[in-house]
file data-v4.csv (CSV, C-alpha atoms and all ligand atoms)
chain,number,residue,atom,x,y,z
J,7,MET,CA,0.0,0.0,0.0
J,8,ALA,CA,2.7,2.4,-1.0
J,9,GLU,CA,0.3,5.3,-1.7
J,10,GLU,CA,-1.0,5.1,1.9
J,11,THR,CA,2.4,5.9,3.4
J,12,LYS,CA,2.7,9.3,1.7
J,13,VAL,CA,2.7,12.3,4.1
J,14,MET,CA,3.0,15.8,2.6
J,15,ARG,CA,3.7,18.8,4.8
J,16,ALA,CA,1.4,21.8,4.5
J,17,SER,CA,3.1,25.2,3.6
J,18,GLY,CA,3.9,27.6,6.4
J,19,LYS,CA,1.1,29.9,5.3
J,20,THR,CA,-1.5,27.1,5.4
J,21,ARG,CA,-0.2,26.0,8.9
J,22,LEU,CA,-0.6,29.6,10.1
J,23,ARG,CA,-4.1,29.9,8.7
J,24,ARG,CA,-5.0,26.5,10.1
J,25,GLY,CA,-3.8,27.5,13.6
J,26,LEU,CA,-5.7,30.8,13.5
J,27,ARG,CA,-8.9,29.1,12.3
J,28,PHE,CA,-8.5,26.4,15.0
J,29,LEU,CA,-8.2,29.0,17.8
J,30,ARG,CA,-11.2,30.9,16.5
J,31,THR,CA,-13.3,27.8,16.2
J,32,ARG,CA,-12.2,26.6,19.6
J,33,ALA,CA,-13.2,29.9,21.2
J,34,ARG,CA,-16.6,29.7,19.4
J,35,GLU,CA,-17.0,26.1,20.7
J,36,LEU,CA,-16.4,27.2,24.3
J,37,LYS,CA,-18.9,30.0,23.9
J,38,MET,CA,-21.4,27.5,22.4
J,39,ILE,CA,-20.9,25.3,25.5
J,40,GLY,CA,-21.4,28.2,27.9
J,41,LYS,CA,-24.6,29.3,26.0
J,42,ALA,CA,-26.0,25.8,26.1
J,43,LEU,CA,-25.4,25.5,29.9
J,44,VAL,CA,-27.1,28.8,30.5
J,45,SER,CA,-30.2,28.3,28.4
J,46,THR,CA,-32.1,25.3,27.0
J,47,LYS,CA,-34.2,27.4,24.6
J,48,HIS,CA,-32.1,27.1,21.4
J,49,PRO,CA,-30.8,24.2,19.2
J,50,ILE,CA,-27.2,23.3,19.8
J,51,LEU,CA,-26.6,21.2,16.7
J,52,VAL,CA,-28.5,20.9,13.5
J,53,HIS,CA,-27.9,18.5,10.6
J,54,ILE,CA,-29.2,19.9,7.3
J,55,ILE,CA,-29.5,18.2,3.9
J,56,PRO,CA,-28.9,20.3,0.9
J,57,MET,CA,-28.7,17.4,-1.5
J,58,ARG,CA,-30.2,13.9,-1.2
J,59,GLN,CA,-28.5,12.6,-4.3
J,60,CYS,CA,-25.2,10.7,-3.9
J,61,ASN,CA,-22.5,9.6,-6.3
J,62,LEU,CA,-22.0,6.3,-4.4
J,63,ALA,CA,-24.5,3.6,-3.4
J,64,CYS,CA,-23.2,2.0,-0.2
J,65,THR,CA,-25.4,-1.1,0.2
J,66,TYR,CA,-26.2,-0.4,3.9
J,67,CYS,CA,-27.3,3.2,3.3
J,68,ASN,CA,-30.9,4.5,3.1
J,69,GLU,CA,-30.0,8.2,3.2
J,70,PHE,CA,-29.5,8.8,-0.5
J,71,ASP,CA,-31.0,8.6,-3.9
J,72,ASP,CA,-29.6,8.9,-7.5
J,73,PHE,CA,-32.0,11.4,-8.9
J,74,SER,CA,-33.0,14.3,-6.6
J,75,ASN,CA,-32.1,17.9,-7.4
J,76,PRO,CA,-30.2,20.2,-5.1
J,77,VAL,CA,-32.2,22.4,-2.7
J,78,PRO,CA,-32.1,25.9,-4.3
J,79,LEU,CA,-29.7,28.3,-2.7
J,80,GLU,CA,-32.4,30.8,-1.8
J,81,GLU,CA,-34.4,28.1,0.0
J,82,MET,CA,-31.3,26.9,1.8
J,83,LYS,CA,-30.6,30.5,3.0
J,84,LYS,CA,-34.2,30.8,4.3
J,85,ARG,CA,-33.7,27.6,6.3
J,86,LEU,CA,-30.4,28.8,7.6
J,87,ASP,CA,-31.9,32.1,8.6
J,88,ALA,CA,-34.7,30.3,10.5
J,89,LEU,CA,-32.1,28.3,12.3
J,90,ALA,CA,-30.0,31.3,13.1
J,91,ASP,CA,-33.1,33.1,14.4
J,92,MET,CA,-33.7,30.2,16.8
J,93,GLY,CA,-30.1,30.7,18.2
J,94,THR,CA,-28.6,27.6,16.7
J,95,SER,CA,-24.9,27.1,17.5
J,96,ILE,CA,-23.6,24.5,15.1
J,97,ILE,CA,-24.8,23.4,11.7
J,98,THR,CA,-23.4,20.3,10.0
J,99,ILE,CA,-24.2,19.8,6.3
J,100,SER,CA,-24.9,16.2,5.4
J,101,GLY,CA,-26.5,14.2,2.6
J,102,GLY,CA,-26.6,12.4,0.2
J,103,GLU,CA,-23.4,13.9,-1.0
J,104,PRO,CA,-23.3,17.6,-0.2
J,105,LEU,CA,-20.3,18.3,-2.4
J,106,MET,CA,-22.7,17.6,-5.4
J,107,HIS,CA,-24.6,20.8,-4.5
J,108,PRO,CA,-23.4,23.4,-7.0
J,109,GLU,CA,-23.7,26.3,-4.5
J,110,LEU,CA,-22.4,24.6,-1.4
J,111,ASP,CA,-19.7,27.3,-0.8
J,112,GLU,CA,-22.4,30.0,-0.6
J,113,VAL,CA,-24.4,27.8,1.8
J,114,ILE,CA,-21.3,27.6,4.1
J,115,ARG,CA,-20.6,31.3,3.7
J,116,HIS,CA,-24.2,32.1,4.8
J,117,MET,CA,-23.9,29.8,7.9
J,118,ARG,CA,-20.7,31.7,8.9
J,119,ARG,CA,-22.3,35.1,8.1
J,120,ARG,CA,-25.1,34.2,10.5
J,121,GLY,CA,-22.6,33.3,13.2
J,122,MET,CA,-23.0,29.5,13.3
J,123,ILE,CA,-20.2,27.0,13.5
J,124,ALA,CA,-20.0,25.3,10.0
J,125,GLY,CA,-19.4,21.6,9.6
J,126,LEU,CA,-19.6,19.2,6.6
J,127,ILE,CA,-19.9,15.4,6.3
J,128,THR,CA,-18.8,14.1,2.9
J,129,ASN,CA,-17.7,10.9,1.3
J,130,GLY,CA,-14.7,12.9,0.1
J,131,PHE,CA,-14.7,11.7,-3.6
J,132,TYR,CA,-15.1,15.3,-5.0
J,133,LEU,CA,-12.2,16.8,-3.0
J,134,ASN,CA,-9.2,18.1,-4.8
J,135,LYS,CA,-6.9,21.1,-4.2
J,136,ASP,CA,-9.3,23.6,-5.8
J,137,ARG,CA,-12.3,22.3,-3.9
J,138,ILE,CA,-10.5,22.3,-0.6
J,139,GLU,CA,-9.3,25.9,-1.2
J,140,ARG,CA,-12.9,26.9,-1.9
J,141,LEU,CA,-14.1,25.3,1.3
J,142,ASN,CA,-11.3,27.2,3.1
J,143,GLU,CA,-12.5,30.5,1.6
J,144,ALA,CA,-16.1,29.8,2.4
J,145,GLY,CA,-15.2,29.5,6.1
J,146,LEU,CA,-15.7,25.8,6.8
J,147,GLU,CA,-14.6,24.8,10.3
J,148,HIS,CA,-15.1,21.0,10.5
J,149,LEU,CA,-15.1,18.3,7.9
J,150,GLN,CA,-15.8,14.6,8.5
J,151,ILE,CA,-15.2,11.6,6.2
J,152,SER,CA,-16.3,8.1,7.1
J,153,ILE,CA,-14.1,5.4,5.7
J,154,ASP,CA,-15.6,1.9,5.8
J,155,ASN,CA,-12.7,-0.3,4.8
J,156,VAL,CA,-9.1,-0.4,3.6
J,157,VAL,CA,-9.9,-1.9,0.1
J,158,PRO,CA,-13.2,-1.2,-1.6
J,159,ASP,CA,-15.7,-4.1,-1.7
J,160,GLU,CA,-19.3,-4.7,-2.9
J,161,VAL,CA,-20.7,-3.0,0.2
J,162,SER,CA,-18.7,0.3,0.2
J,163,LYS,CA,-16.2,2.2,-2.0
J,164,LYS,CA,-15.4,4.5,0.9
J,165,SER,CA,-12.0,3.0,1.3
J,166,LEU,CA,-8.6,4.1,2.5
J,167,LYS,CA,-7.3,2.9,-0.9
J,168,THR,CA,-9.7,5.0,-2.9
J,169,LEU,CA,-9.5,8.1,-0.6
J,170,ASP,CA,-5.9,8.3,0.6
J,171,GLY,CA,-4.8,10.7,-2.1
J,172,ARG,CA,-7.6,13.0,-1.1
J,173,LEU,CA,-6.7,12.7,2.5
J,174,VAL,CA,-3.1,13.7,1.6
J,175,MET,CA,-4.5,16.8,-0.2
J,176,LEU,CA,-6.5,17.7,2.9
J,177,SER,CA,-3.5,17.4,5.1
J,178,GLN,CA,-1.7,19.8,2.7
J,179,TYR,CA,-4.3,22.4,1.9
J,180,ALA,CA,-7.2,22.3,4.4
J,181,VAL,CA,-7.3,25.1,7.1
J,182,PHE,CA,-10.4,23.5,8.7
J,183,GLN,CA,-10.3,20.6,11.1
J,184,VAL,CA,-10.7,17.1,9.6
J,185,ASN,CA,-12.0,14.0,11.4
J,186,ILE,CA,-11.9,10.5,10.0
J,187,ASN,CA,-14.6,8.2,11.2
J,188,SER,CA,-14.0,4.4,10.9
J,189,VAL,CA,-16.5,1.6,11.7
J,190,LEU,CA,-16.7,-1.6,13.7
J,191,GLY,CA,-19.4,-4.2,14.3
J,192,SER,CA,-22.0,-6.1,12.3
J,193,GLY,CA,-21.2,-6.4,8.6
J,194,VAL,CA,-17.6,-5.2,8.9
J,195,LYS,CA,-15.4,-7.9,7.3
J,196,ASP,CA,-12.1,-7.0,8.9
J,197,PRO,CA,-12.1,-5.1,12.2
J,198,VAL,CA,-8.4,-4.4,11.9
J,199,ASP,CA,-9.3,-2.0,9.0
J,200,ALA,CA,-10.7,0.4,11.6
J,201,LEU,CA,-7.3,0.5,13.3
J,202,LYS,CA,-5.4,1.1,10.1
J,203,ILE,CA,-7.8,3.9,9.1
J,204,ALA,CA,-7.4,5.6,12.5
J,205,HIS,CA,-3.6,5.3,12.5
J,206,ARG,CA,-3.5,6.8,9.0
J,207,ALA,CA,-5.8,9.7,10.1
J,208,VAL,CA,-3.5,10.5,13.0
J,209,GLU,CA,-0.4,10.2,10.8
J,210,LEU,CA,-1.9,12.9,8.6
J,211,GLY,CA,-2.7,15.2,11.5
J,212,PHE,CA,-6.4,14.5,11.6
J,213,THR,CA,-8.6,13.5,14.5
J,214,SER,CA,-10.2,10.0,14.4
J,215,THR,CA,-13.4,8.5,15.8
J,216,VAL,CA,-15.1,5.1,15.4
J,217,GLY,CA,-18.7,4.3,14.9
J,218,ILE,CA,-20.3,1.0,15.9
J,219,ILE,CA,-22.8,-0.8,13.6
J,220,HIS,CA,-25.4,-3.2,15.1
J,221,ASP,CA,-27.3,-6.1,13.8
J,222,ASN,CA,-30.0,-5.9,11.1
J,223,ASN,CA,-32.7,-5.1,13.7
J,224,GLY,CA,-30.7,-2.2,15.0
J,225,GLN,CA,-30.3,-4.0,18.3
J,226,LEU,CA,-27.4,-3.5,20.6
J,227,LYS,CA,-25.0,-6.3,20.1
J,228,PRO,CA,-21.7,-6.4,22.0
J,229,LEU,CA,-18.5,-6.3,20.0
J,230,GLY,CA,-16.4,-9.5,20.1
J,231,PRO,CA,-13.2,-9.5,22.2
J,232,GLN,CA,-10.9,-8.6,19.2
J,233,GLU,CA,-13.2,-5.8,18.1
J,234,GLN,CA,-13.5,-4.5,21.7
J,235,GLY,CA,-9.7,-4.3,21.8
J,236,ILE,CA,-9.5,-2.4,18.5
J,237,PHE,CA,-12.3,-0.1,19.7
J,238,GLU,CA,-10.4,0.9,22.8
J,239,GLU,CA,-7.3,1.4,20.8
J,240,VAL,CA,-9.0,3.7,18.3
J,241,MET,CA,-10.8,5.6,21.1
J,242,ALA,CA,-7.4,6.2,22.7
J,243,LEU,CA,-6.1,7.6,19.4
J,244,GLY,CA,-9.0,10.0,19.1
J,245,LYS,CA,-8.3,13.5,20.1
J,246,SER,CA,-11.1,15.6,18.5
J,247,SER,CA,-12.8,18.4,20.3
J,248,PHE,CA,-16.6,17.9,20.8
J,249,SER,CA,-16.4,14.3,19.8
J,250,ARG,CA,-14.2,13.6,22.8
J,251,PHE,CA,-17.4,13.4,24.9
J,252,ASN,CA,-18.2,9.9,23.9
J,253,GLU,CA,-18.3,7.8,27.1
J,254,PHE,CA,-21.6,6.3,26.0
J,255,GLN,CA,-19.8,4.6,23.1
J,256,HIS,CA,-18.2,2.3,25.6
J,257,ASN,CA,-21.7,1.1,26.6
J,258,VAL,CA,-22.6,0.7,22.9
J,259,ALA,CA,-19.4,-1.4,22.3
J,260,ARG,CA,-20.3,-3.7,25.2
J,261,GLY,CA,-23.9,-4.0,24.0
J,262,ARG,CA,-25.2,-2.3,27.2
J,263,GLU,CA,-28.3,-0.1,27.2
J,264,HIS,CA,-27.5,3.4,28.3
J,265,ASN,CA,-29.4,5.9,30.4
J,266,TRP,CA,-29.6,9.4,28.9
J,267,ARG,CA,-32.1,12.0,27.8
J,268,CYS,CA,-32.4,12.4,24.1
J,269,ARG,CA,-33.2,16.1,23.3
J,270,ALA,CA,-33.8,15.5,19.6
J,271,GLY,CA,-36.4,17.8,18.2
J,272,SER,CA,-35.2,20.5,20.5
J,273,ARG,CA,-31.4,20.8,21.2
J,274,TYR,CA,-30.7,18.7,18.1
J,275,LEU,CA,-32.7,18.9,14.8
J,276,TYR,CA,-32.4,17.0,11.5
J,277,ILE,CA,-33.7,19.0,8.6
J,278,CYS,CA,-34.3,17.0,5.5
J,279,GLU,CA,-34.2,18.2,1.9
J,280,ASP,CA,-37.9,19.0,2.0
J,281,GLY,CA,-37.3,21.4,4.9
J,282,LEU,CA,-39.1,19.2,7.5
J,283,VAL,CA,-37.8,18.7,11.1
J,284,HIS,CA,-37.1,15.2,12.2
J,285,TRP,CA,-35.8,13.7,15.4
J,286,CYS,CA,-32.7,12.4,13.7
J,287,SER,CA,-31.5,10.4,10.7
J,288,GLN,CA,-32.6,7.2,12.3
J,289,GLN,CA,-36.1,8.4,13.2
J,290,ARG,CA,-37.2,10.3,10.2
J,291,GLY,CA,-40.9,11.1,9.8
J,292,TYR,CA,-41.4,12.6,13.3
J,293,PRO,CA,-42.3,15.3,14.1
J,294,GLY,CA,-42.2,16.0,10.3
J,295,ILE,CA,-43.2,19.6,10.7
J,296,PRO,CA,-41.9,22.3,8.2
J,297,LEU,CA,-39.0,24.2,9.8
J,298,SER,CA,-40.7,27.5,9.0
J,299,GLN,CA,-43.6,26.4,11.3
J,300,TYR,CA,-41.5,24.8,14.0
J,301,SER,CA,-42.2,27.0,17.0
J,302,PRO,CA,-40.4,27.5,20.4
J,303,GLU,CA,-43.3,25.6,22.0
J,304,MET,CA,-42.7,22.6,19.8
J,305,ARG,CA,-39.0,22.6,20.6
J,306,HIS,CA,-39.8,22.9,24.3
J,307,ARG,CA,-42.3,20.0,24.0
J,308,GLU,CA,-39.6,17.7,22.3
J,309,TYR,CA,-37.1,18.8,25.0
J,310,SER,CA,-39.4,17.2,27.6
J,311,THR,CA,-40.4,14.2,25.4
J,312,LYS,CA,-39.0,10.8,26.4
J,313,LYS,CA,-37.6,9.0,23.3
J,314,PHE,CA,-38.6,5.3,23.2
J,315,CYS,CA,-35.4,4.6,21.2
J,316,ALA,CA,-32.9,6.2,23.6
J,317,ALA,CA,-31.6,3.2,25.5
J,318,ARG,CA,-30.5,1.5,22.3
J,319,CYS,CA,-29.5,4.6,20.4
J,320,THR,CA,-26.3,4.6,18.3
J,321,VAL,CA,-26.4,8.2,17.1
J,322,SER,CA,-23.3,9.6,18.6
J,323,CYS,CA,-23.7,13.3,17.8
J,324,VAL,CA,-27.1,13.6,19.5
J,325,GLN,CA,-25.7,11.8,22.5
J,326,GLN,CA,-22.8,14.3,22.7
J,327,VAL,CA,-25.3,17.1,22.6
J,328,GLY,CA,-27.4,15.4,25.3
J,329,ILE,CA,-24.5,15.5,27.7
J,330,LEU,CA,-25.0,19.2,28.1
J,331,ASP,CA,-28.6,18.6,29.4
J,332,ASN,CA,-28.5,15.1,30.9
J,333,TRP,CA,-28.1,16.5,34.4
J,334,ARG,CA,-31.3,18.5,34.3
J,335,ASP,CA,-35.0,18.5,33.4
J,336,PRO,CA,-36.3,14.8,33.4
J,337,GLN,CA,-38.5,14.0,30.4
J,338,ASN,CA,-42.1,13.1,31.1
J,339,LEU,CA,-44.0,13.7,27.9
J,340,LYS,CA,-44.9,11.2,25.2
J,341,PRO,CA,-44.5,11.9,21.4
J,342,MET,CA,-47.5,13.6,19.8
J,343,PRO,CA,-49.8,11.4,17.8
J,344,MET,CA,-48.7,11.1,14.2
J,345,THR,CA,-50.9,12.1,11.3
J,346,PRO,CA,-52.3,9.0,9.4
J,347,GLN,CA,-50.3,9.9,6.2
J,348,ALA,CA,-47.0,10.3,8.1
J,349,GLU,CA,-44.4,7.6,7.7
J,350,LEU,CA,-41.7,6.9,10.2
J,351,VAL,CA,-38.5,5.7,8.7
J,352,GLN,CA,-36.6,3.7,11.4
J,353,ILE,CA,-33.2,2.7,10.2
J,354,GLY,CA,-31.9,-0.5,11.7
J,355,GLN,CA,-28.3,-0.5,10.6
J,356,VAL,CA,-26.4,2.7,11.0
J,357,ARG,CA,-22.8,3.5,10.1
J,358,GLY,CA,-22.6,6.4,12.5
J,359,ASP,CA,-21.6,9.0,9.9
J,360,SER,CA,-22.6,11.7,12.4
J,401,LIG,S1,-23.2,6.2,3.1
J,401,LIG,FE1,-22.7,8.2,2.4
J,401,LIG,S2,-21.5,7.8,0.5
J,401,LIG,FE2,-22.6,5.9,1.0
J,401,LIG,S3,-24.5,6.0,-0.3
J,401,LIG,FE3,-24.9,6.8,1.8
J,401,LIG,S4,-24.7,9.0,1.6
J,401,LIG,FE4,-23.7,8.1,-0.2
J,402,LIG,S1,-32.5,7.2,17.6
J,402,LIG,FE1,-31.3,8.2,19.2
J,402,LIG,S2,-31.0,10.3,18.5
J,402,LIG,FE2,-32.7,9.4,17.3
J,402,LIG,S3,-34.5,10.0,18.4
J,402,LIG,FE3,-33.9,8.0,19.1
J,402,LIG,S4,-32.7,8.3,20.9
J,402,LIG,FE4,-32.8,10.3,19.8

call {"tool": "encode", "arguments": {"input": "data-v4.csv", "output": "structure tokens", "more": "lines below"}}
Ligand code: SF4
Ligand code: SF4
result
Amino acid sequence: MAEETKVMRASGKTRLRRGLRFLRTRARELKMIGKALVSTKHPILVHIIPMRQCNLACTYCNEFDDFSNPVPLEEMKKRLDALADMGTSIITISGGEPLMHPELDEVIRHMRRRGMIAGLITNGFYLNKDRIERLNEAGLEHLQISIDNVVPDEVSKKSLKTLDGRLVMLSQYAVFQVNINSVLGSGVKDPVDALKIAHRAVELGFTSTVGIIHDNNGQLKPLGPQEQGIFEEVMALGKSSFSRFNEFQHNVARGREHNWRCRAGSRYLYICEDGLVHWCSQQRGYPGIPLSQYSPEMRHREYSTKKFCAARCTVSCVQQVGILDNWRDPQNLKPMPMTPQAELVQIGQVRGDS
């Protein structure tokens, strides 16, 4: 794997810009934590989908199609304005493949203009020097790529082999922070891949995290002894900022239920390409209300609503957000009745992109 051993040094100018952006983002993250501890009235993290279409077709994924159009820029701006007006701290753009959106740079620019921390989850296939420079200019602060294996197979082409050249370019040119997420658990052929991916991420100066996949029914299933060892090793390598708060993942790895308060629909929102609010990518369809009509009362109700799926949840980003409120305000409400035409999409097998 000669190409995976290449390490290119960023120029002095890039390293300086990277350092400055890191310090600014870290200051904004600390402010975000302070604001979240003082008030429960605003969303802390929002995932927004500007593009459902994807250039890949990973066989485990049900978050993409191969035909839909990008959400028009003006509509995206309206949604971002609505989120900024709610006091949202962080927005992470997800998909589909967001880099297929022709005006993504302007979407990111608008997020920054409105004072929100800007993140992006991508499969990385469209990254090159020019695209990375454009993301730098737009003001991107975090980027995450999930890599599923070392060599592409029939399940996923998101491999170290296919992506390593792009990772090297990121290490050379990106001034934003980069996190590489690897996976362990059900359906992963070789667990050692996760370790190789994590080591490569750290070698290139990135942070690394690991997501855990469960069985086809979405049930918690403990990792085997070899996988648990790898999990602990990858966790020890991880050194990212907000994603450091991931104690719950040790429960997930051991197949244990965990006790926490999911604040989805309130402190965390998932906004689909149609502009509807959902609990999360795993529980799409509820509440299913247009963002433009999603009121402070609705957010407050969801803040106090106990989620039936919490004990077995694998969505790490919502659990990280939950840490800021777990110590307060027990949840005692039930979800609102769903309209007859509403359809709840429950995803059993999750790769933990978020
Ligand atoms: S997992 Fe990501 S890259 Fe793969 S099909 Fe789904 S959206 Fe596309
Ligand atoms: S799956 Fe997890 S994040 Fe989603 S609503 Fe349920 S508990 Fe919350």

call {"tool": "closest_residue", "arguments": {"input": "data-v4.csv", "among": "J:Ile277, J:Ala270, J:Leu43, J:Val216", "to": "Ile97 (chain J)", "atoms": "all atoms listed in the file"}}
result
J:Ile277

call {"tool": "residues_near_ligand", "arguments": {"input": "data-v4.csv", "ligand": "ligand LIG 401 (chain J)", "cutoff": "6 Å", "atoms": "only C-alpha atoms and all ligand atoms", "output": "ChimeraX atom specification"}}
result
/J:60,62-64,67,69-70,101-103,129

call {"tool": "residues_near_ligand", "arguments": {"input": "data-v4.csv", "ligand": "ligand LIG 402 (chain J)", "cutoff": "8 Å", "atoms": "all atoms listed in the file", "output": "PyMOL selection string"}}
result
chain J and resi 267-270+285-289+313-325

call {"tool": "write_last_selection", "arguments": {"input": "data-v4.csv", "atoms": "C-alpha atoms", "output": "PDB file, in the frame of the given file"}}
result
ATOM      1  CA  ARG J 267     -32.100  12.000  27.800  1.00  0.00           C
ATOM      2  CA  CYS J 268     -32.400  12.400  24.100  1.00  0.00           C
ATOM      3  CA  ARG J 269     -33.200  16.100  23.300  1.00  0.00           C
ATOM      4  CA  ALA J 270     -33.800  15.500  19.600  1.00  0.00           C
ATOM      5  CA  TRP J 285     -35.800  13.700  15.400  1.00  0.00           C
ATOM      6  CA  CYS J 286     -32.700  12.400  13.700  1.00  0.00           C
ATOM      7  CA  SER J 287     -31.500  10.400  10.700  1.00  0.00           C
ATOM      8  CA  GLN J 288     -32.600   7.200  12.300  1.00  0.00           C
ATOM      9  CA  GLN J 289     -36.100   8.400  13.200  1.00  0.00           C
ATOM     10  CA  LYS J 313     -37.600   9.000  23.300  1.00  0.00           C
ATOM     11  CA  PHE J 314     -38.600   5.300  23.200  1.00  0.00           C
ATOM     12  CA  CYS J 315     -35.400   4.600  21.200  1.00  0.00           C
ATOM     13  CA  ALA J 316     -32.900   6.200  23.600  1.00  0.00           C
ATOM     14  CA  ALA J 317     -31.600   3.200  25.500  1.00  0.00           C
ATOM     15  CA  ARG J 318     -30.500   1.500  22.300  1.00  0.00           C
ATOM     16  CA  CYS J 319     -29.500   4.600  20.400  1.00  0.00           C
ATOM     17  CA  THR J 320     -26.300   4.600  18.300  1.00  0.00           C
ATOM     18  CA  VAL J 321     -26.400   8.200  17.100  1.00  0.00           C
ATOM     19  CA  SER J 322     -23.300   9.600  18.600  1.00  0.00           C
ATOM     20  CA  CYS J 323     -23.700  13.300  17.800  1.00  0.00           C
ATOM     21  CA  VAL J 324     -27.100  13.600  19.500  1.00  0.00           C
ATOM     22  CA  GLN J 325     -25.700  11.800  22.500  1.00  0.00           C
TER      23      GLN J 325
END

call {"tool": "residues_around", "arguments": {"input": "data-v4.csv", "residues": "Met106 (chain J)", "least_positions_apart": "4", "cutoff": "8 Å", "atoms": "only C-alpha atoms", "output": "list in words"}}
result
Met57, Gln59, Cys60, Pro76 and Tyr132 of chain J

call {"tool": "residues_around", "arguments": {"input": "data-v4.csv", "residues": "region 176-192 of chain J", "least_positions_apart": "5", "cutoff": "8 Å", "atoms": "only C-alpha atoms", "output": "PDB file with C-alpha atoms, keeping the file's coordinate frame"}}
result
ATOM      1  CA  MET J  14       3.000  15.800   2.600  1.00  0.00           C
ATOM      2  CA  ARG J  15       3.700  18.800   4.800  1.00  0.00           C
ATOM      3  CA  ALA J  16       1.400  21.800   4.500  1.00  0.00           C
ATOM      4  CA  SER J  17       3.100  25.200   3.600  1.00  0.00           C
ATOM      5  CA  THR J  20      -1.500  27.100   5.400  1.00  0.00           C
ATOM      6  CA  ARG J  21      -0.200  26.000   8.900  1.00  0.00           C
ATOM      7  CA  ARG J  23      -4.100  29.900   8.700  1.00  0.00           C
ATOM      8  CA  ARG J  24      -5.000  26.500  10.100  1.00  0.00           C
ATOM      9  CA  GLY J  25      -3.800  27.500  13.600  1.00  0.00           C
ATOM     10  CA  ARG J  27      -8.900  29.100  12.300  1.00  0.00           C
ATOM     11  CA  PHE J  28      -8.500  26.400  15.000  1.00  0.00           C
ATOM     12  CA  LYS J 135      -6.900  21.100  -4.200  1.00  0.00           C
ATOM     13  CA  ILE J 138     -10.500  22.300  -0.600  1.00  0.00           C
ATOM     14  CA  GLU J 139      -9.300  25.900  -1.200  1.00  0.00           C
ATOM     15  CA  ASN J 142     -11.300  27.200   3.100  1.00  0.00           C
ATOM     16  CA  LEU J 146     -15.700  25.800   6.800  1.00  0.00           C
ATOM     17  CA  GLU J 147     -14.600  24.800  10.300  1.00  0.00           C
ATOM     18  CA  HIS J 148     -15.100  21.000  10.500  1.00  0.00           C
ATOM     19  CA  LEU J 149     -15.100  18.300   7.900  1.00  0.00           C
ATOM     20  CA  GLN J 150     -15.800  14.600   8.500  1.00  0.00           C
ATOM     21  CA  ILE J 151     -15.200  11.600   6.200  1.00  0.00           C
ATOM     22  CA  SER J 152     -16.300   8.100   7.100  1.00  0.00           C
ATOM     23  CA  ILE J 153     -14.100   5.400   5.700  1.00  0.00           C
ATOM     24  CA  ASP J 154     -15.600   1.900   5.800  1.00  0.00           C
ATOM     25  CA  ASN J 155     -12.700  -0.300   4.800  1.00  0.00           C
ATOM     26  CA  PRO J 197     -12.100  -5.100  12.200  1.00  0.00           C
ATOM     27  CA  ALA J 200     -10.700   0.400  11.600  1.00  0.00           C
ATOM     28  CA  ILE J 203      -7.800   3.900   9.100  1.00  0.00           C
ATOM     29  CA  ALA J 204      -7.400   5.600  12.500  1.00  0.00           C
ATOM     30  CA  ALA J 207      -5.800   9.700  10.100  1.00  0.00           C
ATOM     31  CA  LEU J 210      -1.900  12.900   8.600  1.00  0.00           C
ATOM     32  CA  GLY J 211      -2.700  15.200  11.500  1.00  0.00           C
ATOM     33  CA  PHE J 212      -6.400  14.500  11.600  1.00  0.00           C
ATOM     34  CA  THR J 213      -8.600  13.500  14.500  1.00  0.00           C
ATOM     35  CA  SER J 214     -10.200  10.000  14.400  1.00  0.00           C
ATOM     36  CA  THR J 215     -13.400   8.500  15.800  1.00  0.00           C
ATOM     37  CA  VAL J 216     -15.100   5.100  15.400  1.00  0.00           C
ATOM     38  CA  GLY J 217     -18.700   4.300  14.900  1.00  0.00           C
ATOM     39  CA  ILE J 218     -20.300   1.000  15.900  1.00  0.00           C
ATOM     40  CA  ILE J 219     -22.800  -0.800  13.600  1.00  0.00           C
ATOM     41  CA  HIS J 220     -25.400  -3.200  15.100  1.00  0.00           C
ATOM     42  CA  ASP J 221     -27.300  -6.100  13.800  1.00  0.00           C
ATOM     43  CA  LEU J 229     -18.500  -6.300  20.000  1.00  0.00           C
ATOM     44  CA  GLU J 233     -13.200  -5.800  18.100  1.00  0.00           C
ATOM     45  CA  PHE J 237     -12.300  -0.100  19.700  1.00  0.00           C
ATOM     46  CA  SER J 246     -11.100  15.600  18.500  1.00  0.00           C
ATOM     47  CA  ARG J 357     -22.800   3.500  10.100  1.00  0.00           C
ATOM     48  CA  GLY J 358     -22.600   6.400  12.500  1.00  0.00           C
ATOM     49  CA  ASP J 359     -21.600   9.000   9.900  1.00  0.00           C
TER      50      ASP J 359
END

call {"tool": "closest_residue", "arguments": {"input": "data-v4.csv", "among": "J:Met38, J:Val198, J:Ile54, J:Val157", "to": "Met122 (chain J)", "atoms": "only C-alpha atoms"}}
result
J:Met38
